>>> print(open('entry_34.cif').read())   # mmCIF, C-alpha atoms
data_protein
#
loop_
_atom_site.label_atom_id
_atom_site.label_comp_id
_atom_site.auth_asym_id
_atom_site.auth_seq_id
_atom_site.Cartn_x
_atom_site.Cartn_y
_atom_site.Cartn_z
CA MET A 9 28.37 179.74 157.16
CA SER A 10 29.43 183.20 158.21
CA PRO A 11 30.73 185.53 155.50
CA PRO A 12 34.46 186.12 155.50
CA HIS A 13 35.66 189.06 157.49
CA GLU A 14 37.21 192.04 155.86
CA MET A 15 40.94 192.21 156.19
CA THR A 16 42.32 194.88 158.47
CA ASP A 17 44.92 197.39 157.36
CA ALA A 18 47.53 195.61 159.41
CA ASP A 19 46.71 192.35 157.64
CA ARG A 20 46.96 194.05 154.26
CA ARG A 21 50.29 195.63 155.18
CA PHE A 22 51.56 192.29 156.39
CA GLU A 23 50.33 190.65 153.19
CA ARG A 24 52.25 193.20 151.11
CA ASP A 25 55.39 192.65 153.17
CA LEU A 26 55.06 188.92 152.71
CA ALA A 27 54.62 189.33 148.98
CA ARG A 28 57.89 191.28 148.84
CA LEU A 29 59.77 188.20 149.99
CA ARG A 30 61.24 186.62 146.90
CA PRO A 31 61.04 182.83 146.66
CA ALA A 32 64.38 181.12 146.26
CA PRO A 33 65.02 180.35 142.61
CA CYS A 34 64.59 176.86 141.35
CA PRO A 35 68.01 175.22 141.43
CA ALA A 36 67.50 173.55 138.07
CA THR A 37 68.95 175.54 135.21
CA PRO A 38 66.39 176.62 132.66
CA GLU A 39 68.58 175.36 129.81
CA ALA A 40 68.50 171.84 131.20
CA LEU A 41 64.78 172.10 131.67
CA ILE A 42 64.24 173.40 128.14
CA LEU A 43 66.38 170.62 126.71
CA LYS A 44 64.49 168.03 128.70
CA ALA A 45 61.15 169.51 127.71
CA HIS A 46 62.20 169.73 124.07
CA LEU A 47 63.26 166.08 124.08
CA ALA A 48 59.95 165.16 125.65
CA ALA A 49 58.07 167.10 123.00
CA GLN A 50 60.08 165.47 120.21
CA ARG A 51 59.44 162.07 121.69
CA ARG A 52 55.74 162.87 121.71
CA ARG A 53 55.88 163.89 118.05
CA THR A 54 57.79 160.74 117.14
CA ARG A 55 55.22 158.65 118.90
CA ALA A 56 52.47 160.48 117.09
CA TRP A 57 54.04 159.72 113.73
CA GLN A 58 54.58 156.13 114.73
CA ALA A 59 50.94 155.87 115.73
CA VAL A 60 49.83 157.38 112.43
CA ALA A 61 52.07 155.05 110.44
CA ALA A 62 50.91 152.01 112.40
CA THR A 63 47.26 152.99 111.89
CA LEU A 64 47.77 153.45 108.17
CA ALA A 65 49.58 150.13 107.89
CA ALA A 66 46.84 148.35 109.82
CA GLY A 67 44.20 149.97 107.64
CA LEU A 68 46.06 148.89 104.53
CA VAL A 69 46.27 145.30 105.72
CA VAL A 70 42.61 145.24 106.70
CA SER A 71 41.51 146.74 103.42
CA PHE A 72 43.64 144.20 101.56
CA TRP A 73 42.02 141.25 103.31
CA ALA A 74 38.52 142.64 103.47
CA ARG A 75 38.24 143.93 99.96
CA PRO A 76 35.39 142.41 97.90
CA HIS A 77 36.46 139.64 95.56
CA ALA A 78 36.25 140.44 91.91
CA PRO A 79 33.61 138.46 89.92
CA PRO A 80 35.02 135.62 87.80
CA ALA A 81 36.21 136.83 84.50
CA GLU A 82 34.01 135.75 81.60
CA PRO A 83 35.84 134.12 78.67
CA LEU A 84 36.26 136.56 75.91
CA ALA A 85 35.24 135.47 72.45
CA GLN A 86 37.81 136.42 69.89
CA VAL A 87 36.22 137.84 66.80
CA GLN A 88 38.18 138.51 63.70
CA ALA A 89 37.89 142.08 62.80
CA PRO A 90 36.80 142.53 59.16
CA VAL A 91 39.81 143.31 57.08
CA GLU A 92 39.14 146.38 55.10
CA PRO A 93 41.04 146.80 51.84
CA ALA A 94 43.82 149.28 52.08
CA PRO A 95 42.72 152.56 50.69
CA PRO A 96 44.17 153.30 47.30
CA PRO A 97 46.78 155.98 47.04
CA ALA A 98 45.10 159.26 47.22
CA ILE A 99 44.43 160.83 43.94
CA TRP A 100 44.48 164.46 44.55
CA PRO A 101 41.90 166.10 42.47
CA THR A 102 43.31 168.53 39.95
CA PRO A 103 42.18 172.07 40.17
CA SER A 104 39.89 171.44 37.27
CA THR A 105 38.18 168.57 38.95
CA ALA A 106 38.30 170.06 42.41
CA SER A 107 35.13 171.94 41.96
CA ALA A 108 33.43 168.86 40.59
CA ALA A 109 34.59 166.59 43.37
CA ARG A 110 34.17 169.00 46.24
CA ALA A 111 31.46 166.97 47.79
CA GLU A 112 32.51 163.62 49.13
CA GLY A 113 29.77 161.78 47.31
CA ASP A 114 30.94 163.18 44.04
CA TYR A 115 34.50 162.20 44.79
CA LEU A 116 33.58 158.64 45.62
CA ARG A 117 31.49 158.36 42.55
CA LEU A 118 34.34 159.72 40.45
CA ARG A 119 36.79 157.36 42.09
CA ASP A 120 34.62 154.36 41.36
CA ALA A 121 34.25 155.45 37.79
CA VAL A 122 38.01 155.89 37.35
CA LEU A 123 38.65 152.49 38.92
CA ARG A 124 36.10 150.92 36.67
CA GLU A 125 36.73 152.66 33.35
CA GLY A 126 40.14 154.17 33.60
CA VAL A 127 41.47 157.67 33.22
CA ASP A 128 39.02 158.35 30.46
CA ALA A 129 36.29 158.59 32.97
CA LEU A 130 37.79 161.80 34.32
CA PRO A 131 35.83 164.80 33.27
CA ALA A 132 37.19 167.14 30.67
CA PRO A 133 39.34 169.99 31.97
CA PRO A 134 37.48 173.20 32.49
CA SER A 135 37.26 175.55 29.55
CA ALA A 136 38.98 178.36 31.47
CA VAL A 137 42.33 176.68 31.07
CA SER A 138 41.92 176.09 27.38
CA ALA A 139 40.55 179.55 26.72
CA GLU A 140 44.01 181.06 26.41
CA PRO A 141 45.48 180.75 22.95
CA PRO A 142 48.49 178.50 22.67
CA LEU A 143 51.91 180.14 22.73
CA THR A 144 53.39 181.02 19.38
CA LEU A 145 56.85 182.00 18.20
CA ALA A 146 55.88 185.64 18.21
CA ASP A 147 55.28 185.49 21.90
CA THR A 148 58.95 184.73 22.51
CA ARG A 149 59.99 188.02 20.97
CA ARG A 150 57.82 190.00 23.27
CA PRO A 151 59.75 191.62 26.17
CA VAL A 152 59.22 190.03 29.41
CA VAL A 153 59.26 193.31 31.30
CA ASN A 154 56.97 195.99 30.05
CA PRO A 155 58.68 199.20 29.01
CA PRO A 156 58.34 202.16 31.37
CA SER A 157 55.29 204.17 30.94
CA ARG A 158 55.31 207.63 29.50
CA ALA A 159 54.98 209.32 32.90
CA PHE A 160 57.94 207.40 34.21
CA ALA A 161 60.00 208.46 31.21
CA GLY A 162 59.08 212.07 31.82
CA LEU A 163 60.10 211.79 35.43
CA MET A 164 63.47 210.33 34.46
CA LEU A 165 63.97 213.16 32.03
CA LEU A 166 63.32 215.76 34.71
CA LEU A 167 65.77 214.06 37.06
CA SER A 168 68.46 214.00 34.43
CA GLN A 169 67.96 217.72 33.77
CA GLY A 170 68.21 218.48 37.45
CA ASP A 171 71.65 216.91 37.67
CA THR A 172 73.14 219.36 35.19
CA PRO A 173 74.21 222.67 36.66
CA MET B 261 52.03 179.55 120.06
CA SER B 262 52.96 176.00 120.89
CA PRO B 263 53.87 175.21 124.52
CA SER B 264 57.12 173.63 123.28
CA ASP B 265 58.45 176.89 121.94
CA PRO B 266 61.80 177.36 123.78
CA VAL B 267 61.53 181.14 124.04
CA GLN B 268 58.03 180.98 125.43
CA LEU B 269 59.03 178.17 127.76
CA ARG B 270 61.95 180.23 129.05
CA GLN B 271 59.62 183.13 129.77
CA TRP B 272 57.22 180.91 131.66
CA TYR B 273 60.08 179.38 133.58
CA ASP B 274 61.50 182.74 134.58
CA ALA B 275 58.08 183.95 135.62
CA HIS B 276 56.75 180.97 137.55
CA ALA B 277 59.52 178.52 138.42
CA ALA B 278 60.46 180.08 141.76
CA SER B 279 56.88 180.37 143.03
CA LEU B 280 56.11 176.87 141.77
CA THR B 281 59.13 175.54 143.61
CA LEU B 282 58.05 177.30 146.78
CA TYR B 283 54.57 175.84 146.35
CA ALA B 284 55.93 172.35 145.76
CA ARG B 285 58.08 172.67 148.88
CA GLN B 286 54.91 172.98 150.93
CA ILE B 287 54.12 169.38 149.96
CA LEU B 288 57.46 167.82 149.13
CA PRO B 289 60.95 167.95 150.56
CA GLN B 290 63.58 170.02 148.83
CA GLY B 291 65.02 167.66 146.23
CA GLN B 292 61.71 166.29 145.07
CA ALA B 293 60.06 169.69 144.79
CA GLU B 294 62.37 170.75 141.95
CA ASP B 295 61.73 167.46 140.19
CA ALA B 296 58.01 168.08 140.35
CA VAL B 297 58.44 171.56 138.92
CA GLN B 298 60.61 170.28 136.09
CA GLU B 299 58.16 167.52 135.32
CA ALA B 300 55.33 170.06 135.24
CA PHE B 301 57.16 172.11 132.61
CA CYS B 302 57.87 168.98 130.62
CA ARG B 303 54.20 168.09 130.71
CA LEU B 304 53.40 171.58 129.59
CA CYS B 305 55.61 171.00 126.56
CA ARG B 306 53.84 167.79 125.78
CA GLN B 307 50.50 169.56 125.57
CA TRP B 308 49.13 169.84 122.07
CA ARG B 309 47.53 173.14 122.88
CA ARG B 310 48.59 175.92 125.12
CA PRO B 311 46.47 175.90 128.29
CA ARG B 312 44.15 178.84 128.67
CA ASP B 313 45.76 179.91 131.93
CA VAL B 314 49.31 178.63 131.98
CA ARG B 315 50.05 179.72 135.55
CA ALA B 316 46.99 178.02 137.03
CA TRP B 317 47.66 174.95 134.89
CA LEU B 318 51.25 174.75 136.15
CA PHE B 319 50.19 175.08 139.78
CA ARG B 320 47.60 172.35 139.37
CA CYS B 321 50.11 170.09 137.63
CA VAL B 322 52.74 170.69 140.32
CA ARG B 323 50.19 169.94 143.02
CA ASN B 324 49.14 166.67 141.41
CA LEU B 325 52.73 165.61 140.87
CA ALA B 326 53.73 166.64 144.36
CA LEU B 327 50.88 164.75 145.96
CA ASN B 328 51.70 161.65 143.93
CA GLN B 329 55.35 161.90 144.84
CA ALA B 330 54.50 162.53 148.46
CA ARG B 331 52.39 159.39 148.59
CA ALA B 332 55.16 157.37 147.00
CA GLY B 333 57.77 159.04 149.17
CA ARG B 334 55.88 158.23 152.31
CA ARG B 335 56.33 154.59 151.51
CA ARG B 336 60.03 155.10 150.94
CA ARG B 337 62.65 156.69 153.08
CA ARG B 338 60.43 159.29 154.65
CA HIS B 339 62.60 160.51 157.44
CA GLU B 340 65.73 161.17 155.43
CA THR B 341 64.04 163.27 152.81
CA LEU B 342 62.08 165.33 155.27
CA ALA B 343 65.16 165.98 157.33
CA ALA B 344 67.12 167.01 154.26
CA GLY B 345 64.34 169.24 153.00
CA ARG B 346 64.03 171.43 156.04
CA THR B 347 67.56 172.74 155.76
CA GLN B 348 67.05 174.58 152.46
CA PRO B 349 65.85 178.20 152.47
CA TRP B 350 62.51 178.92 150.88
CA PHE B 351 63.13 182.61 150.34
CA GLU B 352 65.97 184.63 148.97
CA PRO B 353 66.96 187.07 151.74
CA ARG B 354 67.39 190.66 150.53
CA PRO B 355 68.22 193.77 152.54
CA GLU B 356 65.16 195.66 151.32
CA ASP B 357 62.74 193.04 152.66
CA ALA B 358 60.49 194.23 155.45
CA LEU B 359 60.25 190.76 156.94
CA ASP B 360 62.88 188.29 157.89
CA ALA B 361 63.00 185.46 155.36
CA GLN B 362 64.04 182.77 157.82
CA LEU B 363 61.38 183.84 160.27
CA ALA B 364 58.76 183.81 157.56
CA GLN B 365 59.82 180.33 156.51
CA ALA B 366 59.65 179.07 160.07
CA ALA B 367 56.24 180.63 160.65
CA LEU B 368 54.93 179.32 157.36
CA ALA B 369 56.20 175.83 158.08
CA GLU B 370 54.11 175.67 161.22
CA LEU B 371 50.85 176.21 159.38
CA PRO B 372 48.73 173.23 158.34
CA PRO B 373 49.65 171.97 154.86
CA THR B 374 46.46 173.15 153.16
CA ASP B 375 46.75 176.60 154.70
CA ARG B 376 50.32 176.80 153.49
CA GLU B 377 49.16 175.92 149.99
CA ILE B 378 46.52 178.63 150.17
CA VAL B 379 48.92 181.30 151.40
CA VAL B 380 51.69 180.43 148.95
CA GLY B 381 49.34 180.15 146.00
CA ARG B 382 47.67 183.45 146.81
CA ILE B 383 50.71 185.54 147.73
CA TRP B 384 53.63 184.17 145.72
CA GLY B 385 51.69 182.33 143.03
CA ASP B 386 49.61 185.45 142.41
CA LEU B 387 46.49 183.32 142.02
CA THR B 388 43.03 184.60 142.78
CA LEU B 389 41.10 183.10 145.66
CA GLN B 390 38.86 181.38 143.12
CA GLU B 391 41.87 179.80 141.44
CA VAL B 392 43.27 178.76 144.81
CA ALA B 393 39.91 177.24 145.71
CA ARG B 394 39.90 175.24 142.49
CA LEU B 395 43.48 174.24 143.12
CA VAL B 396 42.98 172.85 146.59
CA GLY B 397 39.43 171.67 145.97
CA LEU B 398 37.70 173.78 148.62
CA PRO B 399 34.89 176.35 148.46
CA VAL B 400 35.98 179.92 147.87
CA SER B 401 34.52 181.11 151.17
CA THR B 402 36.44 178.47 153.06
CA VAL B 403 39.62 179.40 151.26
CA HIS B 404 39.03 183.08 152.02
CA ARG B 405 38.47 182.41 155.69
CA ARG B 406 41.47 180.15 156.01
CA TYR B 407 43.63 182.62 154.15
CA GLN B 408 42.71 185.43 156.50
CA HIS B 409 43.21 183.23 159.52
CA SER B 410 46.61 182.08 158.24
CA LEU B 411 47.73 185.65 157.70
CA GLN B 412 46.76 186.56 161.26
CA VAL B 413 48.59 183.56 162.62
CA LEU B 414 51.68 184.34 160.60
CA ARG B 415 51.65 187.99 161.67
CA GLN B 416 51.28 187.08 165.32
CA ARG B 417 54.11 184.60 165.11
CA MET B 418 56.42 186.95 163.28
CA GLU B 419 55.64 189.98 165.39
CA THR B 420 56.12 188.19 168.67
CA PRO B 421 59.44 189.39 170.10
CA CYS B 422 62.04 186.80 170.70
CA PRO B 423 62.15 185.66 174.27
CA ARG B 424 65.02 187.10 176.26
CA PRO B 425 67.65 184.59 177.16
CA THR B 426 67.33 183.56 180.78
CA ARG B 427 70.39 183.53 182.98
#
>>> encode(input="entry_34.cif", output="structure tokens")
Amino acid sequence: MSPPHEMTDADRRFERDLARLRPAPCPATPEALILKAHLAAQRRRTRAWQAVAATLAAGLVVSFWARPHAPPAEPLAQVQAPVEPAPPPAIWPTPSTASAARAEGDYLRLRDAVLREGVDALPAPPSAVSAEPPLTLADTRRPVVNPPSRAFAGLMLLLSQGDTP
Amino acid sequence: MSPSDPVQLRQWYDAHAASLTLYARQILPQGQAEDAVQEAFCRLCRQWRRPRDVRAWLFRCVRNLALNQARAGRRRRRHETLAAGRTQPWFEPRPEDALDAQLAQAALAELPPTDREIVVGRIWGDLTLQEVARLVGLPVSTVHRRYQHSLQVLRQRMETPCPRPTR
């Protein structure tokens, strides 16, 4: 096959003149075309969603029918749960016994002893509480608020002198 | 950007609709050529992705549609449509044109159909010779040779002076 000839200047000029001719516009209005194309695109999208929905529905139906059957349920034996006695009302350990019953084992032991022998089984209150002497009548005469100290009295005296001209 | 974007579609239409219509008129009569162009833009909108080369894609789509319509039209009322199609102008005559639009249309119409496709696709479609070759399904060298030959034929026909009226 022979190679194509080079175009002459006259051919190139004629080609340029031809290219200057403007094709007649398409008689269809672009708005109508855009509307038609938009409708076509929307129809395509609707079909796509319909296809997706149909596929999902088919998959759901297939999975429902093809799912593995569950093994037969074994009969359950009903066993009575051991009834535990209600716990006794909590006996809050007094501050004196708190240190003695801090450990749980001690508390349980103390509880059993109280249940078995009564309140007498409780240990004696700590000596720190009974170390204070009992109140006497003389204690009632003592002022509740301590009198001001000597430094405070001196300060008050100075203030009172400062007020006088 | 999606091909269904109205703004983008309007730009493509303004840029390519006239040359696509001219190209479709090389295969189809007037009324059906516009239908093929419209259908090509609609198909462009239905594309999920924007084609890599929209102009080449549109020309190929118009060609396929036009050939399909031409085959179907040949079975139907062939003579009426062809007769109606030849009356419409292919070019918009302007005073600044160096060539006469009617003369160019008449000269172009006398070329073989494939040569017309090559000339229109190359000149008014602004396609490369490689793209035209892919479009019409011919080797590039053949397309080049036929393009040059068609230009020479067109120039000879359009430069031939009109015969003087005989008394």
>>> closest_atom_pairs(input="entry_34.cif", of="chain B", to="chain A", cutoff="6 Å", atoms="all atoms listed in the file", output="CSV")
residue,atom,partner,partner_atom,distance
B:Ala278,CA,A:Pro33,CA,4.6
B:Cys302,CA,A:Ala45,CA,4.4
B:Cys305,CA,A:Ala49,CA,5.8
B:Arg306,CA,A:Ala49,CA,5.1
B:Trp350,CA,A:Ala32,CA,5.4
B:Phe351,CA,A:Pro31,CA,4.2
B:Glu352,CA,A:Ala32,CA,4.7
B:Ala358,CA,A:Asp25,CA,5.8
B:Ile383,CA,A:Ala27,CA,5.6
B:Arg405,CA,A:Pro12,CA,5.5
>>> write_last_selection(input="entry_34.cif", atoms="C-alpha atoms", output="PDB file, in the coordinates of the input")
ATOM      1  CA  ALA B 278      60.460 180.080 141.760  1.00  0.00           C
ATOM      2  CA  CYS B 302      57.870 168.980 130.620  1.00  0.00           C
ATOM      3  CA  CYS B 305      55.610 171.000 126.560  1.00  0.00           C
ATOM      4  CA  ARG B 306      53.840 167.790 125.780  1.00  0.00           C
ATOM      5  CA  TRP B 350      62.510 178.920 150.880  1.00  0.00           C
ATOM      6  CA  PHE B 351      63.130 182.610 150.340  1.00  0.00           C
ATOM      7  CA  GLU B 352      65.970 184.630 148.970  1.00  0.00           C
ATOM      8  CA  ALA B 358      60.490 194.230 155.450  1.00  0.00           C
ATOM      9  CA  ILE B 383      50.710 185.540 147.730  1.00  0.00           C
ATOM     10  CA  ARG B 405      38.470 182.410 155.690  1.00  0.00           C
TER      11      ARG B 405
END
>>> closest_residue(input="entry_34.cif", among="B:Gln362, B:Gln286, B:Ser401, B:Thr281", to="B:Glu299", atoms="only C-alpha atoms")
B:Thr281
>>> axis_aligned_box(input="entry_34.cif", around="stretch 15-33 of chain A", padding_each_side="3 Å", output="AutoDock Vina command-line options")
--center_x 53.0 --center_y 188.9 --center_z 151.0 --size_x 30.1 --size_y 23.0 --size_z 22.8
>>> atom_distance(input="entry_34.cif", atom1="atom CA of A:Arg119", atom2="atom CA of A:Pro90")
22.6 Å
>>> residues_around(input="entry_34.cif", residues="stretch 414-420 of chain B", least_positions_apart="2", cutoff="12 Å", atoms="all atoms listed in the file", output="NGL selection string")
(:A and (18-26)) or (:B and (358-372 or 375-376 or 379 or 406-412 or 422-424))
>>> resolve_selection(input="entry_34.cif", expression="the PyMOL selection byres ((chain B and resi 321-333) around 9)", output="mmCIF file with C-alpha atoms, keeping the file's coordinate frame")
data_model
loop_
_atom_site.group_PDB
_atom_site.id
_atom_site.type_symbol
_atom_site.label_atom_id
_atom_site.label_comp_id
_atom_site.auth_asym_id
_atom_site.auth_seq_id
_atom_site.Cartn_x
_atom_site.Cartn_y
_atom_site.Cartn_z
ATOM 1 C CA LEU B 280 56.110 176.870 141.770
ATOM 2 C CA THR B 281 59.130 175.540 143.610
ATOM 3 C CA TYR B 283 54.570 175.840 146.350
ATOM 4 C CA ALA B 284 55.930 172.350 145.760
ATOM 5 C CA ARG B 285 58.080 172.670 148.880
ATOM 6 C CA ILE B 287 54.120 169.380 149.960
ATOM 7 C CA LEU B 288 57.460 167.820 149.130
ATOM 8 C CA PRO B 289 60.950 167.950 150.560
ATOM 9 C CA GLN B 292 61.710 166.290 145.070
ATOM 10 C CA ALA B 293 60.060 169.690 144.790
ATOM 11 C CA ALA B 296 58.010 168.080 140.350
ATOM 12 C CA VAL B 297 58.440 171.560 138.920
ATOM 13 C CA GLN B 298 60.610 170.280 136.090
ATOM 14 C CA GLU B 299 58.160 167.520 135.320
ATOM 15 C CA ALA B 300 55.330 170.060 135.240
ATOM 16 C CA PHE B 301 57.160 172.110 132.610
ATOM 17 C CA ARG B 303 54.200 168.090 130.710
ATOM 18 C CA LEU B 304 53.400 171.580 129.590
ATOM 19 C CA ALA B 316 46.990 178.020 137.030
ATOM 20 C CA TRP B 317 47.660 174.950 134.890
ATOM 21 C CA LEU B 318 51.250 174.750 136.150
ATOM 22 C CA PHE B 319 50.190 175.080 139.780
ATOM 23 C CA ARG B 320 47.600 172.350 139.370
ATOM 24 C CA ARG B 334 55.880 158.230 152.310
ATOM 25 C CA ARG B 335 56.330 154.590 151.510
ATOM 26 C CA ARG B 336 60.030 155.100 150.940
ATOM 27 C CA ARG B 337 62.650 156.690 153.080
ATOM 28 C CA ARG B 338 60.430 159.290 154.650
ATOM 29 C CA THR B 341 64.040 163.270 152.810
ATOM 30 C CA LEU B 395 43.480 174.240 143.120
ATOM 31 C CA VAL B 396 42.980 172.850 146.590
#
